[in-house]
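Below: one structure, written as structure tokens.
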Amino acid sequence: METYYSLKPLLAVLVSLLATVLIVIPNQRPNVRESWTIMAALAKFAIVLSMLPSVLQGNYPAITLFNISPGISLALKVDSLGIIFGLSASLLWILTSFFSIGYVRGVPEHKQTRYFASFAVCLSATMGIAFAANLLTLVIFYEILTIATYPLVIHKETPEAIFGGRKYLVYLLTGGVFLLFALALTYQLSGTVDFRPGGILPAQIGMNSVIMLFILFLLSFGVKSAVMPLHSWLPTAMVAPTPVSALLHAVAVVKAGVFGFARAIGFVIGPALLHQSGAAGILAGFTAATILIASLIAIRQDNLKMRLAYSTVGHLSYIVLGMTMLSPGAWVGALLHIVNHAVMKITLFFCAGAIYVRTHREKVSELNGIGRQMPITMGAFTLASMGLAGIPPINGFISKWYLVQGSFDGGHLAIAVVFLLSGLLNAGYLLSITVRAFFAPSDRFTKFGEASALMVVPLALTALFSLLLGLFPDRFPYFYQLASQVATSVLGGGGL
Amino acid sequence: MSSLSILILAPLLLFAFITTLVGIWRLRWAYVAAIIGMVLALIAASAGIFRVLSEGKLRYFLGGWPPPFGIEYVLDHLSAFMALIIVFIGLIAVVYPPEAGLYQTPRKGIPLYGLLLLLFAGLVGVVITGDLFNLFVFLEIYSLASYALITLGGDRAVVASFRYLILGTIAGSFYLLGVGFIYFSTGTLNMADAAQRLVPLYGSPAVMAAVALIVIGMCIKMALFPLHVWLPDAHSYASPMVAAVLAGIQIEVAAYVVVRMMLTIFQPQYFIDVLPVTTVIGWMAAVGIIFGSVMAIAQRDFKRMLAYSTVAQVAYIGLGIGLANPLGLIGGLLHILNHAFMKSCLFLVAGGIRYKTGLHEIPRFAGLGRKMPLMMAGFTVAALSMVGIPPTGGFFSKWYLVLGSIDANNWVFVGVILASSLLTAVYFFRMIEKLYAVPSSGDAAVEQATEPSPRILVPILVLAVGIIILGLINAFIVTQILMPVVALLP
Amino acid sequence: MAEMFLSRYVYLMVIILLSIGLWGMLGKHNLLKKLIGMNIFQTAIFLFFIEGATKLGGSVPVIDPRLGMKAAQYINPLPHVLILTGIVVSISLTGAALAFLIVIYRKYKTLDDRAIMLKMKETSE
């Protein structure tokens with residue numbers, strides 16, 4: 001495990017910040033503006049991808065910028081965990097950008113410049129979180145992400161949007177405040193805030209401090225990870241335009257939360273101390289409850305995006321629950337699920353967006369027969385739904401397999417049951433939509449067809465990607481290897 | 001002996017005269033003369049801080065009389081730091097056009113800019129002087145100038161200024177009485193000399209009474225809860241540029257006096273253990289933070305909201321003093337710097353809004369974000385800094401304060417700091433919502449609004465950019481300038 | 001005990017004057033009375049300084065060849081100098097305050113601060 005100096009992490013963060021300036025300038029020429037977004041997204045992905053080979057071999061690109069507080073620097077380092085998040089976010093931004101263009105022109109939405117500019121800043125912040133080398137750097141980008149996503153949440157400027165924005169800020173800023181406390185406490189307890197696999201707290205630390213620190217992380221990262229009862233902002237944030245819900249609330253913001261948990265459990269507190277303190281059980285309890293309750297609530301939602309929101313709440317807790325089990329198998333499953341869920345859920349949101357643009361329908365009960373008119377869209381939807389339910393050979397099955405295996409290995413039979421049960425519930429609330437779309441009689445939609453190619457191609461691609469990741473999990477881009485590397489470095493191969 | 005300290009003060013005094021005379025002759029040139037004076041002082045202050053960083057303390061004996069007989073002026077890390085802040089914000093304030101900042105263009109014979117320069121001269125004098133009575137003189141100079149300047153805000157401002165005058169005079173007189181006690185106990189007025197002579201006298205009631213009087217007096221001027229009552233009226237009725245200066249630098253100078261007493265004239269242990277000064281200040285500050293933030297939420301008038309916000313923000317500085325450990329005091333002192341930039345930026349924005357649209361109540365600001373994008377961008381940066389979002393400066397002062405509170409095992413203070421961030425977010429995001437998210441209500445004043453002229457915009461944007469830069473370079477400021485200051489603390 | 005107070009009766013006066021001044025400033029509602037209270041308060045402080053400068057049997061601080069060069073023979077001139085400055089400050093403050101009162105009276109037709117507070121709330125800028 002070696003670190004070498006490289007500008008690339010910094011470039012990955014900065015390329016979309018630069019794009020933000022370029023996006024704001026040609027206000028009146030949308031094609032120029034949109035092309036900047038696409039170019040930034042492609043550039044970002046290219047930069048991140050170029051770092052993949054060395055990370056796979058254990059050589060981590062890093063750059064230390066400057067001291068941001070005496071003894072702590074603003075520093076970036078791309079390790080296996082970071083690149084998992086970075087790759088998935090940057091790749092999906094490319095597809096989301098194309099989809100966004102189709103969506104905002106199809107609706108049509110107002111204030112498009114503000115929309116695209118905010119997106120670019122959000123992705124910069126996300127890269128900053130993914131590649132942060134220490135907790136302070138992560139906190140800085142984490143808070144920037146909260147602020148940068150606000151304009152996107154209130155985008156429609158309706159009273160519901162404004163209320164949604166307020167609730168969003170209340171939850172996320174409160175979480176941020178707890179995060180600051182956790183950060184300060186970490187610094188005081190250990191004298192450093194760098195991320196190191198296995199943790200940075202001194203071995204002879206009191207268990208009370210560990211538990212207090214863990215609860216603070218729970219209250220802060222738990223908000224962005226939508227662990228119940230801190231989840232309420234996520235369904236309300238569905239008031240944002242669908243591409244926002246897709247990328248931010250299935251990929252960037254929420255995955256920043258679970259990523260934070262990964263860093264906190266694996267690289268700050270450390271599995272050994274966490275196991276010793278017994279505090280992981282608290283989180284396990286909340287996440288297990290979240291999975292089941294969220295799935296049950298999802299079944300009752302008629303609004304499609306709401307159903308998908310609660311589904312997201314449930315699946316995020318899959319990831320966190322996996323991490324609390326502190327075993328290599330469970331960690332591999334959890335980290336794979338970061339990517340897999342992102343790809344599957346973004347497909348579902350893309351479909352919801354395409355349906356809305358084409359037909360202005362938002363409710364499940366209105367979707368009878370739509371599959372016959374929009375077969376590609378609903379086909380992708382079905383594929384992703386099967387994955388989320390854990391049906392092979394879609395990628396969702398792979399991560400679920402590891403999670404269930406990990407629970408059995410650790411002797412947590414109840415948790416295994418939770419995962420399996422949730423799979424059934426997922427099938428219930430998602431595949432029922434498929435059935436309705438293809439098999440329910442209705443000729444309401446005979447005059448529509450597929451949405452524009454700008455939207456259909458991305459969703460088809462993400463669905464295809466889900467399938468490919470399921471068939472070849474250890475091929476490019478080697479997510480399985482990366483996840484294993486993280487699990488090994490954090491848990492030392494043996495697990496607890 | 002280096003005359004650099006007096007070179008910061010001299011241009012301000014000199015040009016206060018020159019500006020007034022020039023103003024009687026040619027009005028337009030008074031403005032220019034004032035700017036020249038401020039620029040000269042800024043050059044001296046910048047040179048001052050560089051010299052202090054490389055050489056250490058710089059001393060100047062007025063008239064050549066050596067201390068303890070003469071008056072000396074001292075530039076050490078703390079005074080150079082404060083002087084630079086005062087002069088820089090002063091320059092920004094002077095550049096800001098008087099139509100927006102003072103509610104009027106200066107009329108012939110009325111020495112508006114002369115008064116302003118006297119205000120800055122008084123503030124700088126307080127921070128660089130090494131003589132206890134000289135401090136009183138400069139204290140009254142800047143106070144008197146500020147009473148007069150506040151009245152520019154209109155009729156209600158005169159009433160507010162009178163009230164401030166009465167309370168401010170009590171404060172100044174308490175300080176004078178305290179100095180009297182110290183003089184009669186030690187026989188000297190020179191700060192460094194008194195520091196040595198006071199050591200065997202720490203137990204004497206006269207000295208304890210002196211400390212109590214001086215601290216209470218300065219807490220009144222600092223608007224520390226519950227002695228803050230003069231501030232909301234004075235700052236909300238004053239004209240925007242005056243309010244910017246008052247809230248941005250004047251209040252903080254009073255905090256400086258307390259810090260100077262604690263670190264230089266007395267030993268910190270005296271303030272911590274023998275007399276519970278830091279404990280009392282700390283807890284009053286904690287209450288003040290919450291009180292100010294809650295009251296700010298309740299306000300409709302923008303400037304009044306900022307005034308209560310000032311009560312809360314200055315209480316952060318008091319909290320830093322109250323913690324009395326290195327990290328806490330660093331947080332408080334860094335907040336002096338950050339608050340100067342943030343609050344002045346906000347008041348200058350208030351001035352711009354009032355000038356362009358005549359509006360001053362927040363509910364009527366709906367939709368202004370689209371009409372004045374650049375100015376509101378500046379506002380947003382300052383607002384985010386007040387809430388404490390990185391990488392703006394405001395985040396880092398809170399960071400050090402939280403670290404200091406944890407060091408002191410004071411979990412209540414941690415809770416107060418964190419809770420106040422959220423409360424601050426309430427009243428600032430409410431306004432951000434109004435500016436950007438709420439569609440304009442068709443208010444004619446808003447419909448016709450346009451971006452203010454560069455003369456108004458540039459000071460605001462300079463401050464906003466400064467806020468971000470201060471956040472990014474805060475480690476440099478802390479290690480180079482503030483750590484030597486707090487080196488005396490346990 | 002009584003002897004201690006009697007020999008320091010000036011300081012007692014200082015305390016009494018300070019209290020009167022404070023009461024005037026904070027307790028009275030008429031603005032002019034507040035101003036007078038401020039003056040009394042400041043005068044009390046001047047009295048304190050001057051008393052602190054006095055020495056038993058001391059002479060005027062001009063060097064008299066008959067008395068010699070010993071400092072103990074003369075009263076301390078420094079506090080007197082300080083007070084001169086203080087008096088100037090006090091005058092300036094009083095002058096400014098009186099100017100404010102004139103403007104306030106012209107606008108509000110009263111100098112009672114409760115009435116003024118009410119009137120201030122009614123009008124708006």
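Following the order of the structure tokens, chains are lettered A, B, ..., residues in each are numbered from 1, and ligands are numbered from 1.
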
Got a sec to pull out which chain B residues are within 8 Å of chain C, counting only C-alpha atoms, and send them as a list in words?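 The contacting residues on chain B are Phe133, Val137, Glu140, Leu144, Ala148, Gly154, Asp155, Arg156, Val158, Val159, Phe162, Leu165, Ile166, Thr169, Ile170, Ser173, Leu176, Leu177, Gly180 and Phe184 of chain B.
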
For atom CA of A:Thr382 and atom CA of A:Phe419, the interatomic separation in Å (one decimal): 20.3 Å

Chain A residues near chain B (7 Å cut-off, only C-alpha atoms) as a ChimeraX atom specification: /A:67-70,140,143-144,154,157,162,174,177,184

Residue contacts of stretch 201-207 of chain A (8 Å, only C-alpha atoms) excluding same-chain residues fewer than 2 positions away, as a ChimeraX atom specification: /A:186,189-190,199,209-211,268-270,273,276-277

Save the residues we just selected, N, CA, C and O atoms, as a tab-separated table (two decimals), in the first residue's frame?
chain	number	residue	atom	x	y	z
A	186	THR	N	-13.03	13.44	17.61
A	186	THR	CA	-12.01	12.55	17.06
A	186	THR	C	-10.63	13.17	17.19
A	186	THR	O	-9.68	12.52	17.61
A	189	LEU	N	-9.48	13.14	20.74
A	189	LEU	CA	-9.18	11.82	21.29
A	189	LEU	C	-7.91	11.22	20.70
A	189	LEU	O	-7.18	10.51	21.37
A	190	SER	N	-7.69	11.50	19.40
A	190	SER	CA	-6.59	10.77	18.79
A	190	SER	C	-5.48	11.66	18.28
A	190	SER	O	-4.45	11.16	17.85
A	199	GLY	N	-8.54	2.16	11.83
A	199	GLY	CA	-8.89	3.17	12.83
A	199	GLY	C	-7.72	4.00	13.31
A	199	GLY	O	-6.56	3.63	13.15
A	209	SER	N	-16.09	6.83	25.44
A	209	SER	CA	-15.75	7.77	24.37
A	209	SER	C	-16.06	7.17	23.02
A	209	SER	O	-16.57	7.83	22.13
A	210	VAL	N	-15.75	5.88	22.87
A	210	VAL	CA	-16.00	5.23	21.58
A	210	VAL	C	-17.49	5.25	21.27
A	210	VAL	O	-17.91	5.58	20.16
A	211	ILE	N	-18.28	4.90	22.28
A	211	ILE	CA	-19.72	4.86	22.04
A	211	ILE	C	-20.25	6.25	21.71
A	211	ILE	O	-21.06	6.43	20.80
A	268	VAL	N	-11.78	5.30	11.00
A	268	VAL	CA	-11.64	6.23	12.12
A	268	VAL	C	-11.74	5.48	13.45
A	268	VAL	O	-10.80	5.43	14.23
A	269	ILE	N	-12.90	4.87	13.67
A	269	ILE	CA	-13.06	4.15	14.93
A	269	ILE	C	-12.37	2.80	14.84
A	269	ILE	O	-11.68	2.36	15.75
A	270	GLY	N	-12.59	2.14	13.71
A	270	GLY	CA	-11.95	0.85	13.54
A	270	GLY	C	-12.84	-0.29	14.02
A	270	GLY	O	-13.49	-0.16	15.06
A	273	LEU	N	-12.24	-1.70	17.86
A	273	LEU	CA	-12.80	-0.92	18.96
A	273	LEU	C	-14.32	-0.95	18.91
A	273	LEU	O	-14.98	-0.98	19.95
A	276	GLN	N	-15.52	-4.10	20.26
A	276	GLN	CA	-15.32	-4.13	21.71
A	276	GLN	C	-16.38	-3.34	22.45
A	276	GLN	O	-16.81	-3.72	23.53
A	277	SER	N	-16.78	-2.24	21.84
A	277	SER	CA	-17.73	-1.39	22.55
A	277	SER	C	-19.14	-1.90	22.44
A	277	SER	O	-20.01	-1.50	23.20

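Atom pair atom CA of A:Phe465 / atom CA of A:Ala246 has a distance of 15.9 Å (rounded to one decimal).
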
Hey, what's within 12 Å of B:Pro66 if we count only C-alpha atoms and toss same-chain stuff fewer than 6 positions away? As a CSV table (one decimal) with C-alpha atoms, in the first residue's frame, please?
chain,number,residue,atom,x,y,z
B,1,MET,CA,12.4,51.9,18.7
B,59,ARG,CA,7.7,49.9,20.6
B,60,TYR,CA,7.5,53.7,20.1
B,72,GLU,CA,4.4,54.3,24.6
B,73,TYR,CA,2.8,52.6,21.6
B,130,GLY,CA,0.6,50.9,25.8
B,190,ASN,CA,2.2,52.1,31.6
B,193,ASP,CA,5.2,48.5,34.1

Atom-to-atom span, atom CA of B:Gly101 and atom CA of B:Gly466, Å: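 If I compute the distance from atom CA of B:Gly101 to atom CA of B:Gly466, I get 20.1 Å.
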
Selection near C:Tyr9, 12 Å with only C-alpha atoms, sequence-local residues under 5 positions removed, as a PyMOL selection string: chain C and resi 2-4+14-16+47-48+51

Export N, CA, C and O atoms of the chosen residues as a CSV table (one decimal), in the first residue's frame?
chain,number,residue,atom,x,y,z
C,2,ALA,N,-15.4,54.3,63.1
C,2,ALA,CA,-15.9,55.6,62.6
C,2,ALA,C,-14.7,56.5,62.2
C,2,ALA,O,-14.8,57.3,61.2
C,3,GLU,N,-13.6,56.3,62.8
C,3,GLU,CA,-12.4,57.1,62.5
C,3,GLU,C,-12.0,56.8,61.1
C,3,GLU,O,-11.5,57.6,60.3
C,4,MET,N,-12.1,55.5,60.7
C,4,MET,CA,-11.7,55.1,59.3
C,4,MET,C,-12.6,55.8,58.3
C,4,MET,O,-12.1,56.3,57.3
C,14,VAL,N,-17.6,60.3,47.1
C,14,VAL,CA,-17.5,59.8,45.8
C,14,VAL,C,-18.5,58.7,45.6
C,14,VAL,O,-19.2,58.7,44.5
C,15,ILE,N,-18.6,57.8,46.5
C,15,ILE,CA,-19.6,56.7,46.4
C,15,ILE,C,-21.0,57.3,46.3
C,15,ILE,O,-21.8,56.9,45.4
C,16,ILE,N,-21.3,58.3,47.1
C,16,ILE,CA,-22.6,58.8,47.1
C,16,ILE,C,-22.9,59.5,45.8
C,16,ILE,O,-24.0,59.3,45.2
C,47,LEU,N,-13.6,63.6,41.3
C,47,LEU,CA,-13.3,63.8,42.7
C,47,LEU,C,-12.4,62.7,43.2
C,47,LEU,O,-11.5,62.9,44.0
C,48,PHE,N,-12.7,61.5,42.8
C,48,PHE,CA,-11.9,60.4,43.3
C,48,PHE,C,-10.4,60.5,42.9
C,48,PHE,O,-9.5,60.3,43.7
C,51,GLU,N,-8.8,63.4,44.9
C,51,GLU,CA,-8.6,63.0,46.3
C,51,GLU,C,-7.4,62.0,46.4
C,51,GLU,O,-6.6,62.1,47.3

Distance query A:His337 at most 12 Å, only C-alpha atoms, self and fewer than 3 positions along chain excluded, as a PyMOL selection string: chain A and resi 84-85+88+250-251+255+258-259+312+315-323+330-334+340-345+387-388+390+394-403+466+469-470+473+479-480+483

Compile the contact shell of stretch 111-126 of chain A as a list in words: residues with an atom at most 7 Å away, counting only C-alpha atoms, same-chain residues fewer than 6 positions apart removed.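 My list of contacting residues is Val13, Leu14, Ser16, Leu17, Ala19, Thr20, Ile23, Val24, Asn27, Phe141, Tyr142, Ile144, Leu145, Ala148, Thr149, Pro151, Leu152 and Ala252 of chain A.
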
Could you write out, as JSON, numbers by chain, all the residues of stretch 41-146 of chain B that DSSP marks as strand (DSSP E or B)? {"B": [58, 59, 60, 61, 72, 73, 74, 75, 129, 131]}

In stretch 6-215 of chain A, what's helix (DSSP H, G or I) per DSSP? Answer as a ChimeraX atom specification? /A:8-24,30-56,80-106,112-130,135-153,159-190,207-215

Among the residues C:Val81, C:Leu56, C:Arg114, C:Asp64, the one that comes closest to C:Gly27 [using only C-alpha atoms]: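 Selected residue with least distance to C:Gly27: C:Arg114.
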
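With distances restricted to only C-alpha atoms, B:Gly90 is the closest residue to B:Phe341 from B:Gly90, B:Gly114, B:Gly178, B:Pro226.
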